Structures are given as structure tokens and as C-alpha cells.
Amino acid sequence: MERNFMDELKYQYKNGGVVVQLIFINVSLFLVIRIIDVFFGLITGSEGVFINNYASHIVGLHTRFITFIKHPWGLFTSIFTHYSFMHLLFNMVFLYFSGKMFLQLLDGRRLVFTYILGGITGGLLEVIAHSLFPKLQIFNDVVIGASGAIMAIFVAIAFYKPQLKVNLFGILPVRIIVIAGIFILVDLLALGKVDGTAHFAHLGGAIIGMISIQNLHASSNIVNWSQKLWNTVVVLFKNNPNKMCVKKGGKVNNRFKTDEEYNADEKSRQAQVDKILDKISKSGYESLTKKEKDFLFNQSKNG
């Protein structure tokens, strides 16, 4: 049975993974803003009335500190907001390819937290920069766009797998760390330029990308710490810790492993897998105990 357009959209959103879902959110907010702006234009006879006079106050990030403290939610809403189609298109293409590379190496939940942390940190750095440097105060009163958030994802991949090669323009293989370095350098050299780009937000996202993969499995890792904090908040609101934490020995265990613990567990797990496979090669699958079969089955699911 063929799906209609709306059913197909619902299917893609539900089954496309976190990258597609983030793109859906960005595109949906763009369409809502643009459609409302069209009707405002029909009523007032002027284009951009809603965007300039209302949307910016509702979803934009205000860089003037006095205005920012009155609209703090802009740190979050602005990283899903675009007014220009080309701005949206470029960012969503960048998000799609960066996100797909990220998911080949790390998980979707980490991608979402990296996106949000990168966007919020970039926004905070932009606000701080506007407060410190007078030149920035003459433009970019309101900042929008997912660039800083996406930069965090891209730089995280680059620092996690610096030797990974990307085919630039589809033909030229370049190490991803080189591309990330060029992006960061361009933003550094463009600081203070009146070009309508929030370069400090990009750099804030890049900083999160760099530190998000340090001590990847430790509880002190910024993404792991943020996930734990979020889980705690959800537990407090739901009042049901069993939903968010894994029970171990009858007690709730939400501690992250250190790199040493993680590597030791991985080494032990692999040794057990090798032992079972060696037993299969010598005596056949039926020689395995139920415990060994269950262990092998679970490892095949997790892999």
C-alpha cells in the first residue's frame, strides 16, 4: 500500500533517525515562520513584517545583554531557526552529511546533545563577544541559525577520527581534520567583519566539538555529564527513576565508565567472544552451553 505525502513525512520522521528529525524540526520552523510572514505581508502590505518585528523577538538570540536576559530562551530556539532559504539549505546539507558521519562512529543521543550544547555555547560566546567588543554592537543584534550547533558535530568527528578522509567536491580526498581546521581559521580571521555571520557562535560550537570527545567514556565528559543531568531532571519530573537508569544488583546505576574501565570491559568481552568462537570451530555450535549461546546472541545484537 502506497503512503500519501503526509504519511510518508511521518514515516521518514519516525524512521529516519535523529539527523532527519533535526532537519525536520529546522525545516518545519522555517516554513511556519515564512508562512506567517506571508499572511502578515498580505495584511500590512509590507514584506518581512512578522520576521523583523515579531519572530526575531520570539525565537531569535538577542546579543545585547540587557535584551538577552529578557529573552534567554533564544539560546535554544535560535539554533533551529532560519529566515532565508539558502541559509537553511546550506545548514541542512551540512547537518545531513556531518550527522551521517557522526552516526557511523558514535550514537544518536550523543549527536543530539552535541548539537544542542554546541548551539547554546556558540550563542553564549556570541552574547559575551557583543558585550566586550564595541564593533560587534553595531550589527547582528539578533542571531539565528544552526551553524554553531552543526560545527560542534563536524569538529567532534574531526577530533575523534582526524585521519578520516572526506571526498571534497566528490573527487578530492582530504583528511577531515584539515577541513575542520580551515573552517575554524576562516572564522577566526573573519571576527569583527560586517558580513552578517555569527563567527563567535561558530567558534563556540567548534570548542564544544573539541572537548566533547575528550575522555569519551568518563562521567566528566561534557556530553556524558549533560546526559546524566538531563536524566536526573526527567526523573525528578516523572518521579520514576527506573525509566531512565539501569538497575544493577537492585540498585540504580547511572555512573559512566572511565576510559580504563571501558577498555578493560571491551578486552574482557572480546576475549570471551574469541573463546566461544574457538569452541564452535572445534566442537560445533551445539557444544555451547545456554549461557554461552545467550552471550553470543547478545553480542551480535549489540554489534
# chains A, B, ... in the order shown; residues from 1 in each chain; ligands from 1
>>> residues_around(residues="Leu125 (chain A)", least_positions_apart="2", cutoff="12 Å", atoms="only C-alpha atoms", output="PyMOL selection string")
chain A and resi 61+63+65+75+118-123+127-133+143+148+198-208
>>> write_last_selection(atoms="C-alpha atoms", output="mmCIF file, in the first residue's frame")
data_model
loop_
_atom_site.group_PDB
_atom_site.id
_atom_site.type_symbol
_atom_site.label_atom_id
_atom_site.label_comp_id
_atom_site.auth_asym_id
_atom_site.auth_seq_id
_atom_site.Cartn_x
_atom_site.Cartn_y
_atom_site.Cartn_z
ATOM 1 C CA LEU A 61 19.024 35.109 20.121
ATOM 2 C CA THR A 63 23.083 39.610 21.562
ATOM 3 C CA PHE A 65 22.918 41.644 27.170
ATOM 4 C CA LEU A 75 19.804 30.376 23.219
ATOM 5 C CA GLY A 118 27.330 23.412 20.581
ATOM 6 C CA GLY A 119 24.487 25.737 19.656
ATOM 7 C CA ILE A 120 23.967 27.042 23.189
ATOM 8 C CA THR A 121 27.689 27.536 23.820
ATOM 9 C CA GLY A 122 28.056 29.315 20.500
ATOM 10 C CA GLY A 123 25.161 31.580 21.415
ATOM 11 C CA VAL A 127 26.477 37.358 23.568
ATOM 12 C CA ILE A 128 29.709 37.705 25.561
ATOM 13 C CA ALA A 129 31.612 38.919 22.485
ATOM 14 C CA HIS A 130 28.959 41.549 21.751
ATOM 15 C CA SER A 131 29.263 42.796 25.327
ATOM 16 C CA LEU A 132 33.058 43.004 25.165
ATOM 17 C CA PHE A 133 33.748 44.359 21.677
ATOM 18 C CA VAL A 143 21.406 35.875 15.769
ATOM 19 C CA GLY A 148 27.284 26.683 15.565
ATOM 20 C CA ALA A 198 27.930 34.933 13.756
ATOM 21 C CA HIS A 199 31.568 33.805 13.731
ATOM 22 C CA PHE A 200 31.809 33.652 17.522
ATOM 23 C CA ALA A 201 28.858 31.240 17.528
ATOM 24 C CA HIS A 202 30.713 29.018 15.043
ATOM 25 C CA LEU A 203 33.807 29.050 17.244
ATOM 26 C CA GLY A 204 31.746 28.270 20.333
ATOM 27 C CA GLY A 205 30.342 25.235 18.565
ATOM 28 C CA ALA A 206 33.837 24.202 17.489
ATOM 29 C CA ILE A 207 35.059 24.406 21.092
ATOM 30 C CA ILE A 208 32.274 22.072 22.223
#
>>> residues_around(residues="Leu164 (chain A)", least_positions_apart="4", cutoff="8 Å", atoms="only C-alpha atoms", output="number ranges by chain")
A: 158, 175-177
>>> residues_around(residues="region 273-286 of chain A", least_positions_apart="4", cutoff="8 Å", atoms="only C-alpha atoms", output="compact mmCIF listing (two decimals) with C-alpha atoms, in the first residue's frame")
# COMPACT_ATOMS: atom_id res chain seq x y z
CA ARG A 269 34.23 -9.15 26.30
CA GLU A 292 27.38 -19.12 26.06
CA LEU A 296 26.92 -14.69 21.79
>>> select_by_dssp(residues="region 35-160 of chain A", states="alpha helix (DSSP H)", output="JSON, numbers by chain")
{"A": [35, 36, 37, 38, 39, 40, 41, 42, 43, 44, 49, 50, 56, 57, 58, 59, 65, 66, 67, 68, 74, 75, 76, 77, 85, 86, 87, 88, 89, 90, 91, 92, 93, 94, 95, 96, 97, 98, 99, 100, 101, 102, 103, 104, 105, 108, 109, 110, 111, 112, 113, 114, 115, 116, 117, 118, 119, 120, 121, 122, 123, 124, 125, 126, 127, 128, 129, 130, 131, 132, 147, 148, 149, 150, 151, 152, 153, 154, 155, 156, 157, 158, 159, 160]}
>>> residues_around(residues="Tyr115 (chain A)", least_positions_apart="2", cutoff="7 Å", atoms="only C-alpha atoms", output="PyMOL selection string")
chain A and resi 111-113+117-119+149-150+152-153
>>> closest_residue(among="A:Lys193, A:Lys70, A:Arg110, A:Arg34", to="Lys228 (chain A)", atoms="only C-alpha atoms")
A:Arg110
>>> residues_around(residues="Asn91 (chain A)", least_positions_apart="2", cutoff="12 Å", atoms="only C-alpha atoms", output="VMD selection string")
chain A and resid 22 to 23 26 to 27 79 to 82 84 to 89 93 to 99 144 to 151 154
>>> write_last_selection(atoms="N, CA and C atoms", output="PDB file, in the first residue's frame")
ATOM      1  N   LEU A  22      16.165  16.173  13.254  1.00  0.00           N
ATOM      2  CA  LEU A  22      16.664  17.537  13.442  1.00  0.00           C
ATOM      3  C   LEU A  22      16.402  18.394  12.198  1.00  0.00           C
ATOM      4  N   ILE A  23      16.586  17.802  11.036  1.00  0.00           N
ATOM      5  CA  ILE A  23      16.304  18.524   9.787  1.00  0.00           C
ATOM      6  C   ILE A  23      14.815  18.860   9.696  1.00  0.00           C
ATOM      7  N   ASN A  26      14.065  21.864  11.943  1.00  0.00           N
ATOM      8  CA  ASN A  26      14.553  23.110  11.346  1.00  0.00           C
ATOM      9  C   ASN A  26      13.689  23.554  10.169  1.00  0.00           C
ATOM     10  N   VAL A  27      13.365  22.622   9.294  1.00  0.00           N
ATOM     11  CA  VAL A  27      12.566  22.954   8.110  1.00  0.00           C
ATOM     12  C   VAL A  27      11.150  23.350   8.508  1.00  0.00           C
ATOM     13  N   ILE A  79      18.812  28.054  17.533  1.00  0.00           N
ATOM     14  CA  ILE A  79      19.620  27.042  16.839  1.00  0.00           C
ATOM     15  C   ILE A  79      18.770  26.131  15.945  1.00  0.00           C
ATOM     16  N   PHE A  80      17.467  26.392  15.912  1.00  0.00           N
ATOM     17  CA  PHE A  80      16.580  25.675  14.993  1.00  0.00           C
ATOM     18  C   PHE A  80      15.923  26.646  13.998  1.00  0.00           C
ATOM     19  N   THR A  81      16.366  27.898  13.988  1.00  0.00           N
ATOM     20  CA  THR A  81      15.660  28.946  13.256  1.00  0.00           C
ATOM     21  C   THR A  81      16.456  29.471  12.071  1.00  0.00           C
ATOM     22  N   HIS A  82      15.773  29.614  10.937  1.00  0.00           N
ATOM     23  CA  HIS A  82      16.353  30.230   9.740  1.00  0.00           C
ATOM     24  C   HIS A  82      15.268  31.068   9.059  1.00  0.00           C
ATOM     25  N   SER A  84      16.165  32.705   5.844  1.00  0.00           N
ATOM     26  CA  SER A  84      16.499  32.620   4.423  1.00  0.00           C
ATOM     27  C   SER A  84      16.541  31.166   3.966  1.00  0.00           C
ATOM     28  N   PHE A  85      16.004  30.911   2.772  1.00  0.00           N
ATOM     29  CA  PHE A  85      16.014  29.547   2.234  1.00  0.00           C
ATOM     30  C   PHE A  85      17.433  29.053   2.009  1.00  0.00           C
ATOM     31  N   MET A  86      18.312  29.908   1.473  1.00  0.00           N
ATOM     32  CA  MET A  86      19.686  29.493   1.206  1.00  0.00           C
ATOM     33  C   MET A  86      20.438  29.206   2.502  1.00  0.00           C
ATOM     34  N   HIS A  87      20.163  29.995   3.533  1.00  0.00           N
ATOM     35  CA  HIS A  87      20.769  29.748   4.845  1.00  0.00           C
ATOM     36  C   HIS A  87      20.331  28.381   5.368  1.00  0.00           C
ATOM     37  N   LEU A  88      19.050  28.110   5.272  1.00  0.00           N
ATOM     38  CA  LEU A  88      18.506  26.823   5.691  1.00  0.00           C
ATOM     39  C   LEU A  88      19.101  25.689   4.874  1.00  0.00           C
ATOM     40  N   LEU A  89      19.127  25.843   3.549  1.00  0.00           N
ATOM     41  CA  LEU A  89      19.602  24.774   2.662  1.00  0.00           C
ATOM     42  C   LEU A  89      21.053  24.418   2.963  1.00  0.00           C
ATOM     43  N   VAL A  93      22.148  20.724   4.535  1.00  0.00           N
ATOM     44  CA  VAL A  93      23.050  19.836   3.787  1.00  0.00           C
ATOM     45  C   VAL A  93      24.269  19.507   4.649  1.00  0.00           C
ATOM     46  N   PHE A  94      24.824  20.530   5.289  1.00  0.00           N
ATOM     47  CA  PHE A  94      25.970  20.346   6.177  1.00  0.00           C
ATOM     48  C   PHE A  94      25.609  19.428   7.345  1.00  0.00           C
ATOM     49  N   LEU A  95      24.422  19.625   7.915  1.00  0.00           N
ATOM     50  CA  LEU A  95      23.959  18.792   9.025  1.00  0.00           C
ATOM     51  C   LEU A  95      23.782  17.349   8.579  1.00  0.00           C
ATOM     52  N   TYR A  96      23.219  17.146   7.382  1.00  0.00           N
ATOM     53  CA  TYR A  96      22.956  15.793   6.907  1.00  0.00           C
ATOM     54  C   TYR A  96      24.251  14.992   6.774  1.00  0.00           C
ATOM     55  N   PHE A  97      25.221  15.549   6.072  1.00  0.00           N
ATOM     56  CA  PHE A  97      26.462  14.805   5.829  1.00  0.00           C
ATOM     57  C   PHE A  97      27.302  14.687   7.109  1.00  0.00           C
ATOM     58  N   SER A  98      27.352  15.750   7.909  1.00  0.00           N
ATOM     59  CA  SER A  98      28.093  15.679   9.173  1.00  0.00           C
ATOM     60  C   SER A  98      27.431  14.681  10.118  1.00  0.00           C
ATOM     61  N   GLY A  99      26.096  14.735  10.180  1.00  0.00           N
ATOM     62  CA  GLY A  99      25.365  13.841  11.059  1.00  0.00           C
ATOM     63  C   GLY A  99      25.527  12.382  10.678  1.00  0.00           C
ATOM     64  N   ILE A 144      20.479  34.036  14.496  1.00  0.00           N
ATOM     65  CA  ILE A 144      19.725  32.792  14.292  1.00  0.00           C
ATOM     66  C   ILE A 144      20.580  31.833  13.469  1.00  0.00           C
ATOM     67  N   GLY A 145      20.190  30.562  13.473  1.00  0.00           N
ATOM     68  CA  GLY A 145      20.854  29.596  12.617  1.00  0.00           C
ATOM     69  C   GLY A 145      21.483  28.446  13.378  1.00  0.00           C
ATOM     70  N   ALA A 146      21.593  27.307  12.700  1.00  0.00           N
ATOM     71  CA  ALA A 146      22.116  26.088  13.315  1.00  0.00           C
ATOM     72  C   ALA A 146      23.611  25.900  13.083  1.00  0.00           C
ATOM     73  N   SER A 147      24.276  26.901  12.511  1.00  0.00           N
ATOM     74  CA  SER A 147      25.677  26.734  12.120  1.00  0.00           C
ATOM     75  C   SER A 147      26.578  26.337  13.279  1.00  0.00           C
ATOM     76  N   GLY A 148      26.450  27.011  14.419  1.00  0.00           N
ATOM     77  CA  GLY A 148      27.284  26.683  15.565  1.00  0.00           C
ATOM     78  C   GLY A 148      27.041  25.275  16.067  1.00  0.00           C
ATOM     79  N   ALA A 149      25.777  24.861  16.089  1.00  0.00           N
ATOM     80  CA  ALA A 149      25.422  23.514  16.530  1.00  0.00           C
ATOM     81  C   ALA A 149      25.997  22.458  15.594  1.00  0.00           C
ATOM     82  N   ILE A 150      25.911  22.717  14.290  1.00  0.00           N
ATOM     83  CA  ILE A 150      26.423  21.764  13.307  1.00  0.00           C
ATOM     84  C   ILE A 150      27.941  21.739  13.326  1.00  0.00           C
ATOM     85  N   MET A 151      28.550  22.909  13.557  1.00  0.00           N
ATOM     86  CA  MET A 151      30.005  22.965  13.671  1.00  0.00           C
ATOM     87  C   MET A 151      30.489  22.062  14.802  1.00  0.00           C
ATOM     88  N   PHE A 154      30.539  18.494  13.456  1.00  0.00           N
ATOM     89  CA  PHE A 154      31.599  18.274  12.481  1.00  0.00           C
ATOM     90  C   PHE A 154      32.975  18.238  13.154  1.00  0.00           C
TER      91      PHE A 154
END
>>> atom_distance(atom1="CA of Ile25 (chain A)", atom2="CA of Val38 (chain A)")
20.1 Å
>>> atom_distance(atom1="CA of Val18 (chain A)", atom2="CA of Gly196 (chain A)")
29.0 Å
>>> select_by_dssp(residues="region 101-268 of chain A", states="strand (DSSP E or B)", output="PyMOL selection string")
chain A and resi 142-143+165-168+172-175+246-248+251-253
>>> write_last_selection(atoms="C-alpha atoms", output="tab-separated table (two decimals), in the first residue's frame")
chain	number	residue	atom	x	y	z
A	142	VAL	CA	19.67	39.11	16.73
A	143	VAL	CA	21.41	35.88	15.77
A	165	LYS	CA	39.10	11.20	4.70
A	166	VAL	CA	36.29	13.15	3.06
A	167	ASN	CA	35.93	13.42	-0.71
A	168	LEU	CA	35.90	17.17	-1.25
A	172	LEU	CA	39.42	15.12	-3.80
A	173	PRO	CA	40.16	13.04	-0.66
A	174	VAL	CA	41.06	15.31	2.25
A	175	ARG	CA	41.51	14.46	5.92
A	246	VAL	CA	19.72	0.93	34.55
A	247	LYS	CA	19.39	-1.19	37.67
A	248	LYS	CA	22.39	-3.20	38.72
A	251	LYS	CA	20.49	-0.50	42.86
A	252	VAL	CA	20.22	2.28	40.34
A	253	ASN	CA	23.47	2.68	38.42
>>> closest_residue(among="A:Val234, A:Val59, A:Met92, A:Val49", to="Gln21 (chain A)", atoms="only C-alpha atoms")
A:Met92
>>> closest_residue(among="A:Lys161, A:Arg3, A:Lys10, A:Lys293", to="Leu106 (chain A)", atoms="only C-alpha atoms")
A:Lys161
